[in-house]
>>> print(open('entry-v9.txt').read())   # compact mmCIF, C-alpha atoms and all ligand atoms
# COMPACT_ATOMS: atom_id res chain seq x y z
CA MET H 418 51.25 276.47 149.09
CA LEU H 419 49.42 273.51 150.52
CA ALA H 420 51.27 271.33 148.08
CA LEU H 421 54.55 272.85 149.19
CA THR H 422 53.73 272.19 152.82
CA ALA H 423 52.86 268.63 151.99
CA LEU H 424 56.07 268.27 150.08
CA THR H 425 58.07 269.59 152.98
CA LEU H 426 56.28 267.18 155.25
CA PHE H 427 57.06 264.41 152.85
CA ALA H 428 60.68 265.45 152.65
CA SER H 429 61.00 265.27 156.41
CA LEU H 430 59.38 261.85 156.35
CA ALA H 431 61.85 260.81 153.73
CA ILE H 432 64.67 261.82 156.02
CA ILE H 433 63.18 259.70 158.77
CA ALA H 434 62.88 256.86 156.32
CA LEU H 435 66.49 257.15 155.30
CA LEU H 436 67.90 257.28 158.80
CA PRO H 437 70.25 254.35 159.25
CA ALA H 438 68.43 251.37 160.61
CA ARG H 439 69.52 250.45 164.10
CA SER H 440 70.22 246.84 163.31
CA ARG H 441 70.89 246.34 159.68
CA ALA H 442 70.24 243.02 158.00
CA PRO H 443 73.43 241.04 157.47
CA ALA H 444 75.15 241.55 154.14
CA GLY H 445 73.70 239.39 151.46
CA ALA H 446 70.40 239.07 153.22
CA THR H 447 67.51 238.47 150.89
CA ARG H 448 64.13 240.07 151.07
CA THR H 449 62.63 237.27 153.06
CA PRO H 450 60.19 239.06 155.32
CA ALA H 451 61.80 239.93 158.60
CA PRO H 452 60.86 237.61 161.42
CA SER H 453 59.52 240.66 163.17
CA ALA H 454 56.96 241.08 160.49
CA GLY H 455 54.11 239.04 161.79
CA ALA H 456 53.95 237.29 158.44
CA THR H 457 51.00 235.25 159.50
CA ALA H 458 49.02 238.23 160.69
CA PRO H 459 45.59 238.60 159.13
CA ALA H 460 44.92 241.36 156.66
CA ALA H 461 44.67 244.63 158.47
CA THR H 462 43.31 247.98 157.58
CA PRO H 463 46.10 250.43 156.84
CA SER H 464 46.44 253.83 158.43
CA LEU H 465 43.01 255.22 159.02
CA ASP H 466 44.00 258.67 160.10
CA PRO H 467 41.36 260.84 158.49
CA ASN H 468 43.75 263.79 158.44
CA LEU H 469 46.18 261.85 156.35
CA LEU H 470 43.52 260.69 153.96
CA ALA H 471 42.20 264.20 153.59
CA LEU H 472 45.20 265.50 151.70
CA PRO H 473 44.04 267.54 148.72
CA PRO H 474 44.36 266.03 145.26
CA GLY H 475 48.02 266.01 144.41
CA GLY H 476 48.73 266.61 148.06
CA SER H 477 52.24 265.26 148.02
CA VAL H 478 52.95 265.99 144.42
CA PRO H 479 55.28 268.74 143.35
CA GLY H 480 52.73 269.74 140.77
CA SER H 481 52.95 270.66 137.13
CA ASP H 482 55.05 273.75 137.66
CA GLY H 483 57.86 272.45 135.53
CA ILE H 484 60.26 271.76 138.37
CA ALA H 485 59.63 268.05 138.30
CA LEU H 486 59.95 267.98 134.55
CA ALA H 487 63.51 269.21 134.81
CA ARG H 488 64.60 265.96 136.40
CA ALA H 489 66.52 263.74 134.04
CA PRO H 490 64.35 260.71 133.40
CA GLU H 491 65.93 257.30 133.40
CA PRO H 492 63.00 255.05 132.62
CA PHE H 493 63.51 251.32 132.42
CA THR H 494 67.22 251.51 133.07
CA PHE H 495 67.45 251.51 136.84
CA MET H 496 67.59 248.07 138.38
CA PRO H 497 68.55 247.79 142.02
CA GLU H 498 71.66 245.69 142.41
CA ARG H 499 70.12 244.05 145.41
CA ASP H 500 66.93 244.36 147.31
CA LEU H 501 66.48 247.37 149.52
CA ASP H 502 67.24 247.22 153.20
CA GLU H 503 65.30 250.34 154.06
CA VAL H 504 62.41 252.46 152.88
CA ARG H 505 63.47 254.63 149.96
CA VAL H 506 61.83 257.48 148.14
CA TYR H 507 61.33 257.15 144.39
CA THR H 508 60.42 260.02 142.09
CA VAL H 509 57.96 259.11 139.34
CA GLN H 510 59.43 259.49 135.88
CA GLN H 511 58.02 259.59 132.41
CA GLY H 512 56.72 256.22 131.34
CA ASP H 513 56.35 254.89 134.86
CA THR H 514 53.38 252.80 135.83
CA ILE H 515 52.34 251.30 139.12
CA PHE H 516 53.13 247.87 137.73
CA GLY H 517 56.44 249.02 136.28
CA ILE H 518 57.61 250.62 139.51
CA ALA H 519 56.53 247.60 141.52
CA GLN H 520 58.44 245.31 139.17
CA LYS H 521 61.49 247.56 139.32
CA PHE H 522 61.67 247.18 143.08
CA ASN H 523 60.45 243.59 143.27
CA ILE H 524 57.32 244.37 145.26
CA LYS H 525 53.62 243.89 144.61
CA PRO H 526 51.73 246.84 143.09
CA GLU H 527 49.57 246.86 146.20
CA THR H 528 52.63 247.61 148.31
CA LEU H 529 52.96 250.97 146.55
CA PHE H 530 49.51 251.83 147.88
CA TRP H 531 50.02 250.29 151.31
CA GLY H 532 53.41 251.99 151.59
CA ASN H 533 52.04 255.45 150.80
CA PRO H 534 48.99 255.84 153.03
CA ASP H 535 49.24 259.63 152.87
CA ILE H 536 48.71 259.64 149.12
CA ASN H 537 45.10 259.33 148.14
CA ALA H 538 44.71 255.99 146.35
CA ARG H 539 43.01 257.64 143.43
CA ASN H 540 45.93 260.02 142.96
CA LEU H 541 48.24 257.05 143.04
CA GLN H 542 46.27 255.42 140.25
CA PHE H 543 47.04 258.49 138.17
CA LEU H 544 50.76 258.80 138.60
CA GLN H 545 52.19 262.19 137.92
CA LEU H 546 55.70 263.12 136.97
CA GLY H 547 57.65 264.09 140.06
CA MET H 548 55.31 262.36 142.49
CA GLU H 549 57.37 260.92 145.32
CA LEU H 550 56.61 257.41 146.50
CA ARG H 551 57.93 255.46 149.41
CA ILE H 552 59.35 252.17 148.23
CA MET H 553 59.22 249.47 150.86
CA PRO H 554 62.08 246.97 151.06
CA ALA H 555 59.57 244.12 150.73
CA ASP H 556 55.82 243.71 150.53
CA GLY H 557 54.00 245.17 153.46
CA VAL H 558 52.29 248.20 154.92
CA ILE H 559 53.48 251.54 156.24
CA HIS H 560 51.58 253.09 159.10
CA LEU H 561 51.83 256.80 159.84
CA ALA H 562 50.89 257.47 163.45
CA ASN H 563 47.94 259.79 163.97
CA GLY H 564 49.24 261.03 167.30
CA GLN H 565 46.41 259.41 169.26
CA GLN H 566 47.09 255.69 169.10
CA THR H 567 49.47 253.98 171.48
CA LEU H 568 52.03 251.50 170.32
CA ALA H 569 49.81 248.75 171.74
CA ASP H 570 46.81 250.11 169.79
CA ILE H 571 48.73 250.03 166.54
CA ALA H 572 50.06 246.54 167.19
CA ALA H 573 46.51 245.38 167.80
CA GLN H 574 45.30 247.08 164.63
CA TYR H 575 47.76 245.06 162.55
CA GLY H 576 47.57 241.92 164.65
CA VAL H 577 51.25 241.89 165.43
CA ASP H 578 53.32 241.67 168.59
CA PRO H 579 54.18 245.23 169.73
CA TYR H 580 57.74 244.14 170.42
CA ASP H 581 58.04 243.12 166.79
CA ILE H 582 57.30 246.76 165.96
CA ILE H 583 59.82 248.03 168.49
CA PHE H 584 62.61 245.75 167.38
CA SER H 585 61.95 245.88 163.65
CA GLU H 586 65.10 246.93 161.83
CA TYR H 587 62.93 249.23 159.73
CA ASN H 588 61.53 251.25 162.60
CA ASN H 589 63.43 253.78 164.64
CA LEU H 590 61.91 253.36 168.06
CA PRO H 591 63.84 253.40 171.33
CA ALA H 592 64.16 249.87 172.65
CA ASP H 593 62.77 250.91 176.05
CA ILE H 594 59.64 252.62 174.72
CA ALA H 595 56.54 251.82 176.78
CA LEU H 596 53.66 250.09 175.06
CA ASP H 597 51.23 252.80 176.17
CA THR H 598 53.28 255.51 174.50
CA LYS H 599 51.29 257.58 172.05
CA LEU H 600 53.48 257.78 169.00
CA PRO H 601 53.97 261.33 167.70
CA TYR H 602 51.97 262.32 164.66
CA ASN H 603 53.42 260.95 161.40
CA THR H 604 55.84 258.55 163.04
CA GLN H 605 56.49 255.98 160.36
CA LEU H 606 56.11 252.30 161.20
CA VAL H 607 56.97 249.58 158.71
CA PHE H 608 55.13 246.26 158.69
CA ILE H 609 56.79 243.77 156.39
CA GLY H 610 54.65 240.82 155.36
CA VAL H 611 51.41 242.45 156.48
CA GLU H 612 48.66 243.08 153.93
CA GLY H 613 46.60 246.23 153.81
CA ALA H 614 43.07 246.67 152.57
CA PRO H 615 42.43 245.22 149.11
CA ILE H 616 43.38 247.63 146.37
CA ASP H 617 42.11 247.64 142.83
CA VAL H 618 45.44 248.03 141.08
CA GLY H 619 43.86 247.38 137.73
CA ALA H 620 42.42 250.83 137.21
CA PRO H 621 43.86 252.98 134.45
CA VAL H 622 47.44 254.01 135.03
CA VAL H 623 48.49 257.13 133.19
CA VAL H 624 51.54 259.29 133.46
CA GLU H 625 50.38 262.85 133.09
CA GLY H 626 51.53 264.57 129.97
CA SER H 627 53.17 261.57 128.39
CA GLY H 628 50.24 259.48 127.30
CA VAL H 629 52.29 256.43 128.12
CA GLY H 630 50.45 253.84 130.09
CA GLY H 631 52.37 250.63 130.24
CA GLY H 632 56.04 251.02 129.49
CA SER H 633 57.67 249.13 126.65
CA VAL H 634 56.65 245.59 125.82
CA LYS H 635 58.00 242.95 123.46
CA VAL H 636 56.36 239.67 122.56
CA SER H 637 58.70 237.41 120.58
CA GLY H 638 57.95 234.32 118.59
CA GLY H 639 57.81 234.91 114.88
CA PRO H 640 57.33 237.26 111.96
CA GLY H 641 54.39 238.89 113.71
CA SER H 642 56.55 240.20 116.55
CA CYS H 643 56.25 243.95 116.91
CA GLY H 644 59.63 244.39 118.55
CA LEU H 645 59.74 246.74 121.51
CA THR H 646 56.39 248.51 121.61
CA THR H 647 55.38 251.42 123.78
CA VAL H 648 52.05 250.78 125.40
CA HIS H 649 49.83 253.83 125.11
CA THR H 650 46.46 252.66 126.24
CA ALA H 651 45.56 251.26 129.60
CA GLY H 652 42.78 248.75 129.96
CA ARG H 653 40.03 248.65 132.53
CA SER H 654 40.95 245.16 133.78
CA VAL H 655 37.43 244.21 132.82
CA PHE H 656 37.29 241.72 129.97
CA SER H 657 34.41 241.13 127.62
CA LEU H 658 33.76 238.31 125.21
CA PRO H 659 36.36 238.46 122.41
CA LEU H 660 33.88 237.46 119.70
CA SER H 661 31.23 239.57 118.04
CA GLY H 662 29.07 236.53 117.25
CA GLY H 663 28.11 233.20 118.74
CA TYR H 664 30.48 230.35 119.51
CA THR H 665 30.70 226.87 120.91
CA PHE H 666 32.88 226.32 123.92
CA MET H 667 35.41 223.75 122.77
CA GLN H 668 38.33 223.40 125.13
CA ASP H 669 38.92 224.68 128.63
CA PHE H 670 41.88 226.26 130.38
CA TYR H 671 44.38 223.79 131.84
CA PRO H 672 47.41 225.77 133.02
CA GLY H 673 50.63 224.59 131.42
CA ILE H 674 48.77 222.30 129.02
CA HIS H 675 46.24 224.60 127.42
CA ASN H 676 46.81 228.18 128.49
CA GLY H 677 43.55 229.60 127.22
CA VAL H 678 40.07 228.65 126.11
CA ASP H 679 39.01 227.57 122.63
CA LEU H 680 35.86 229.12 121.28
CA ALA H 681 34.68 227.50 118.07
CA GLY H 682 32.84 229.26 115.28
CA SER H 683 33.21 229.86 111.56
CA THR H 684 36.19 231.10 109.62
CA GLY H 685 35.82 234.82 109.20
CA ASP H 686 33.84 235.43 112.40
CA GLY H 687 34.78 238.76 113.94
CA VAL H 688 37.33 238.70 116.77
CA ILE H 689 37.23 241.75 119.04
CA ALA H 690 39.47 243.16 121.74
CA ALA H 691 38.42 241.96 125.18
CA ASP H 692 39.66 245.23 126.70
CA GLY H 693 41.43 248.37 125.54
CA GLY H 694 45.15 248.33 125.04
CA THR H 695 48.01 248.40 122.58
CA VAL H 696 48.79 245.76 119.95
CA VAL H 697 52.19 244.24 120.79
CA PHE H 698 52.08 241.25 118.40
CA ALA H 699 50.22 241.08 115.10
CA GLY H 700 50.98 238.40 112.53
CA LEU H 701 52.31 234.91 112.15
CA HIS H 702 53.62 233.20 115.27
CA ASN H 703 56.26 230.49 115.01
CA GLY H 704 54.57 228.38 117.66
CA GLY H 705 51.12 226.89 117.68
CA TYR H 706 49.19 230.14 117.71
CA GLY H 707 49.23 230.60 113.91
CA TYR H 708 48.17 234.13 113.07
CA LEU H 709 48.13 235.85 116.42
CA VAL H 710 47.23 239.20 117.94
CA VAL H 711 48.47 240.09 121.42
CA ILE H 712 47.14 243.16 123.17
CA ASP H 713 48.93 244.63 126.16
CA HIS H 714 46.47 246.41 128.41
CA GLY H 715 49.06 248.51 130.20
CA ASN H 716 48.04 247.20 133.61
CA GLY H 717 49.83 243.89 133.83
CA PHE H 718 47.36 242.05 131.64
CA GLN H 719 47.86 240.82 128.09
CA THR H 720 45.31 238.99 125.95
CA TYR H 721 46.15 236.55 123.15
CA TYR H 722 43.95 235.83 120.13
CA GLY H 723 45.24 232.83 118.18
CA HIS H 724 44.57 230.80 115.00
CA LEU H 725 43.21 233.85 113.16
CA SER H 726 42.52 233.72 109.43
CA ARG H 727 43.04 237.44 109.18
CA VAL H 728 44.91 239.93 111.33
CA GLY H 729 43.01 243.22 111.34
CA VAL H 730 45.32 245.45 113.38
CA ARG H 731 48.90 246.64 113.13
CA CYS H 732 51.69 246.56 115.64
CA GLY H 733 51.58 249.45 118.05
CA ALA H 734 47.96 250.33 117.34
CA GLY H 735 45.81 251.40 120.24
CA VAL H 736 42.57 249.46 120.42
CA SER H 737 39.50 249.97 122.50
CA ALA H 738 37.39 247.27 124.10
CA GLY H 739 35.17 245.63 121.52
CA GLN H 740 37.19 246.86 118.54
CA TYR H 741 37.61 244.45 115.61
CA ILE H 742 41.12 243.00 115.58
CA GLY H 743 40.85 240.09 113.14
CA ALA H 744 38.91 237.11 111.92
CA MET H 745 38.54 233.61 113.29
CA GLY H 746 40.47 230.90 111.49
CA SER H 747 42.37 227.67 111.89
CA THR H 748 45.99 228.67 111.38
CA GLY H 749 48.79 227.19 113.46
CA ASN H 750 48.19 224.16 115.65
CA SER H 751 44.47 223.87 115.05
CA THR H 752 42.07 221.32 113.64
CA GLY H 753 39.12 223.56 112.88
CA PRO H 754 38.03 227.18 112.99
CA HIS H 755 38.16 228.50 116.52
CA LEU H 756 39.58 231.32 118.56
CA HIS H 757 42.22 230.46 121.13
CA PHE H 758 41.71 233.19 123.73
CA GLU H 759 44.24 233.57 126.51
CA ILE H 760 44.61 236.05 129.35
CA GLN H 761 48.03 236.54 130.88
CA GLN H 762 48.71 238.48 134.05
CA GLY H 763 52.31 239.45 134.63
CA GLY H 764 53.28 237.04 131.85
CA VAL H 765 51.48 234.08 133.44
CA PRO H 766 48.36 232.58 131.84
CA VAL H 767 45.39 232.88 134.15
CA SER H 768 41.97 231.31 133.93
CA PRO H 769 39.71 233.38 131.68
CA HIS H 770 36.83 232.25 133.86
CA ILE H 771 38.11 234.52 136.59
CA HIS H 772 37.55 237.48 134.33
CA LEU H 773 34.53 236.77 132.18
CA ILE H 774 31.59 234.47 131.74
CA LEU H 775 32.13 232.07 128.84
ZN ZN U 1 43.56 226.80 122.34
>>> encode(input="entry-v9.txt", output="structure tokens")
Amino acid sequence: MLALTALTLFASLAIIALLPARSRAPAGATRTPAPSAGATAPAATPSLDPNLLALPPGGSVPGSDGIALARAPEPFTFMPERDLDEVRVYTVQQGDTIFGIAQKFNIKPETLFWGNPDINARNLQFLQLGMELRIMPADGVIHLANGQQTLADIAAQYGVDPYDIIFSEYNNLPADIALDTKLPYNTQLVFIGVEGAPIDVGAPVVVEGSGVGGGSVKVSGGPGSCGLTTVHTAGRSVFSLPLSGGYTFMQDFYPGIHNGVDLAGSTGDGVIAADGGTVVFAGLHNGGYGYLVVIDHGNGFQTYYGHLSRVGVRCGAGVSAGQYIGAMGSTGNSTGPHLHFEIQQGGVPVSPHIHLIL
């Protein structure tokens, strides 16, 4: 019944969240952070109310009683026509991931954590069907009052002007509220443009019961394309060397010019998955990659292994970190046997040096 109580509490919060904002943004307004947001404020610690953090596991989750399962899922089809102008509540559906939901609503994954301070971060990492999440209209932090702090205290905690809190279109505070007012327990305050504590959003993301970790992914570019592939396996966001043997560092990462690193060796040398994931491209690529394997790690990261002489995995296969995926070669735009190894995050090549020692 604790879960039910929490759900009821959440429902009442949702109603607060959905109350019409007192001064709505003009039609056609974009999600530029509101001027009231204190966009330059330093990173602040989000709600620290120990009572809120002490919710039991699954505290605000309907649970696996079947009720949530009866909801009609509509994964990957809902796209907001325009950005939100208020805090909404989203019910987690089959196939959802933190990254997928964030993308759907055009916010950072971290904002899902910062916007749901009453959900234990670890529970959020393991999304469950039916879990209800606050979706902020833009990146920021939601603070739930602990009943002890004054408005001035909270403003100081986030490094913002208290009047910015009072006059924020996303908060429902009386304009004449005194700064020494202790806000009632669970009063919701929205801070757009403010960052919360750093969150490791790279941890495994799993939808309970579905086994689906990363939504559906397609990498185009040649006969090796897998088409739309469901990502089953989530990576650890920790990358290891993609070769089972030695290598010579040949060419470095220069974004836009050379989107990965070249590691030279001998044709036939074993190429291994840098992290667990699902194969979303396996075969010949029309571009310079030659024979290519792409692994989607289900957490926003993809790794590319190019110029292979042999592709050792099939489309859609789940691979674990260190698993053999092919052999080094010199296919495609290459002048000698080497592995072109590339890490993309959200579709953008990032420096492999950030993620592993080469
Ligand atoms: Zn290369």
>>> closest_residue(input="entry-v9.txt", among="H:Val767, H:Ala562, H:Ile609, H:Ile689", to="H:Asp669", atoms="only C-alpha atoms")
H:Val767
>>> atom_distance(input="entry-v9.txt", atom1="atom CA of H:Gly753", atom2="atom CA of H:Phe666")
13.0 Å
>>> closest_residue(input="entry-v9.txt", among="H:Pro672, H:Ile771, H:Gln740, H:Val648", to="ligand ZN 1 (chain U)", atoms="only C-alpha atoms and all ligand atoms")
H:Pro672
>>> closest_residue(input="entry-v9.txt", among="H:His724, H:Arg551, H:Arg731, H:His675", to="H:Gly641", atoms="all atoms listed in the file")
H:Arg731
>>> closest_residue(input="entry-v9.txt", among="H:Thr508, H:Thr604, H:Asn703, H:Thr528", to="H:Gly639", atoms="only C-alpha atoms")
H:Asn703
>>> residues_near_ligand(input="entry-v9.txt", ligand="ligand ZN 1 (chain U)", cutoff="7 Å", atoms="all atoms listed in the file", output="PyMOL selection string")
chain H and resi 668+675+677-679+757-758
>>> atom_distance(input="entry-v9.txt", atom1="atom CA of H:Val577", atom2="atom CA of H:Pro554")
18.7 Å
>>> residues_around(input="entry-v9.txt", residues="stretch 592-595 of chain H", least_positions_apart="2", cutoff="12 Å", atoms="all atoms listed in the file", output="list in words")
Arg439, Ser440, Thr567, Leu568, Ala569, Pro579, Tyr580, Asp581, Ile582, Ile583, Phe584, Ser585, Glu586, Asn588, Asn589, Leu590, Asp597, Thr598, Lys599 and Leu600 of chain H
>>> atom_distance(input="entry-v9.txt", atom1="atom CA of H:Leu645", atom2="atom CA of H:Asp713")
12.0 Å
>>> closest_residue(input="entry-v9.txt", among="H:Leu709, H:Val696, H:Val730, H:Val765", to="H:Ser747", atoms="all atoms listed in the file")
H:Leu709
>>> residues_around(input="entry-v9.txt", residues="H:Ser661", least_positions_apart="2", cutoff="8 Å", atoms="only C-alpha atoms", output="count of residues only")
7
>>> residues_around(input="entry-v9.txt", residues="H:Gly749", least_positions_apart="4", cutoff="10 Å", atoms="all atoms listed in the file", output="list in words")
Leu701, His702, Asn703, Gly704, Gly705, Tyr706, Gly707, Tyr708, Leu709, Gly723, His724, Leu725 and Ser726 of chain H
>>> closest_residue(input="entry-v9.txt", among="H:Ala555, H:Val636, H:Ile571, H:Leu660", to="H:His755", atoms="only C-alpha atoms")
H:Leu660
>>> build_atoms(input="entry-v9.txt", residues="stretch 697-710 of chain H", atoms="N, CA, C and O atoms", output="PDB file, in the frame of the given file")
ATOM      1  N   VAL H 697      50.748 244.482 120.627  1.00  0.00           N
ATOM      2  CA  VAL H 697      52.190 244.240 120.790  1.00  0.00           C
ATOM      3  C   VAL H 697      52.654 243.031 119.985  1.00  0.00           C
ATOM      4  O   VAL H 697      53.841 242.719 119.967  1.00  0.00           O
ATOM      5  N   PHE H 698      51.734 242.337 119.343  1.00  0.00           N
ATOM      6  CA  PHE H 698      52.080 241.250 118.400  1.00  0.00           C
ATOM      7  C   PHE H 698      50.930 241.189 117.415  1.00  0.00           C
ATOM      8  O   PHE H 698      49.753 241.173 117.803  1.00  0.00           O
ATOM      9  N   ALA H 699      51.267 241.151 116.127  1.00  0.00           N
ATOM     10  CA  ALA H 699      50.220 241.080 115.100  1.00  0.00           C
ATOM     11  C   ALA H 699      50.810 240.394 113.876  1.00  0.00           C
ATOM     12  O   ALA H 699      51.556 240.995 113.114  1.00  0.00           O
ATOM     13  N   GLY H 700      50.471 239.128 113.694  1.00  0.00           N
ATOM     14  CA  GLY H 700      50.980 238.400 112.530  1.00  0.00           C
ATOM     15  C   GLY H 700      51.243 236.952 112.867  1.00  0.00           C
ATOM     16  O   GLY H 700      50.745 236.423 113.867  1.00  0.00           O
ATOM     17  N   LEU H 701      52.072 236.344 112.014  1.00  0.00           N
ATOM     18  CA  LEU H 701      52.310 234.910 112.150  1.00  0.00           C
ATOM     19  C   LEU H 701      53.233 234.623 113.329  1.00  0.00           C
ATOM     20  O   LEU H 701      54.265 235.267 113.504  1.00  0.00           O
ATOM     21  N   HIS H 702      52.837 233.646 114.114  1.00  0.00           N
ATOM     22  CA  HIS H 702      53.620 233.200 115.270  1.00  0.00           C
ATOM     23  C   HIS H 702      54.284 231.872 114.922  1.00  0.00           C
ATOM     24  O   HIS H 702      53.663 231.023 114.276  1.00  0.00           O
ATOM     25  N   ASN H 703      55.522 231.724 115.330  1.00  0.00           N
ATOM     26  CA  ASN H 703      56.260 230.490 115.010  1.00  0.00           C
ATOM     27  C   ASN H 703      55.699 229.278 115.734  1.00  0.00           C
ATOM     28  O   ASN H 703      55.866 228.154 115.283  1.00  0.00           O
ATOM     29  N   GLY H 704      55.084 229.497 116.873  1.00  0.00           N
ATOM     30  CA  GLY H 704      54.570 228.380 117.660  1.00  0.00           C
ATOM     31  C   GLY H 704      53.178 227.987 117.175  1.00  0.00           C
ATOM     32  O   GLY H 704      52.809 228.189 116.035  1.00  0.00           O
ATOM     33  N   GLY H 705      52.410 227.439 118.064  1.00  0.00           N
ATOM     34  CA  GLY H 705      51.120 226.890 117.680  1.00  0.00           C
ATOM     35  C   GLY H 705      50.005 227.891 117.468  1.00  0.00           C
ATOM     36  O   GLY H 705      48.918 227.528 117.030  1.00  0.00           O
ATOM     37  N   TYR H 706      50.288 229.165 117.758  1.00  0.00           N
ATOM     38  CA  TYR H 706      49.190 230.140 117.710  1.00  0.00           C
ATOM     39  C   TYR H 706      48.741 230.484 116.281  1.00  0.00           C
ATOM     40  O   TYR H 706      47.689 231.068 116.096  1.00  0.00           O
ATOM     41  N   GLY H 707      49.576 230.172 115.270  1.00  0.00           N
ATOM     42  CA  GLY H 707      49.230 230.600 113.910  1.00  0.00           C
ATOM     43  C   GLY H 707      49.243 232.113 113.821  1.00  0.00           C
ATOM     44  O   GLY H 707      50.129 232.775 114.391  1.00  0.00           O
ATOM     45  N   TYR H 708      48.264 232.675 113.105  1.00  0.00           N
ATOM     46  CA  TYR H 708      48.170 234.130 113.070  1.00  0.00           C
ATOM     47  C   TYR H 708      47.614 234.595 114.419  1.00  0.00           C
ATOM     48  O   TYR H 708      46.553 234.136 114.862  1.00  0.00           O
ATOM     49  N   LEU H 709      48.363 235.503 115.014  1.00  0.00           N
ATOM     50  CA  LEU H 709      48.130 235.850 116.420  1.00  0.00           C
ATOM     51  C   LEU H 709      48.101 237.358 116.599  1.00  0.00           C
ATOM     52  O   LEU H 709      48.893 238.079 115.989  1.00  0.00           O
ATOM     53  N   VAL H 710      47.195 237.809 117.459  1.00  0.00           N
ATOM     54  CA  VAL H 710      47.230 239.200 117.940  1.00  0.00           C
ATOM     55  C   VAL H 710      47.396 239.145 119.454  1.00  0.00           C
ATOM     56  O   VAL H 710      46.719 238.360 120.128  1.00  0.00           O
TER      57      VAL H 710
END
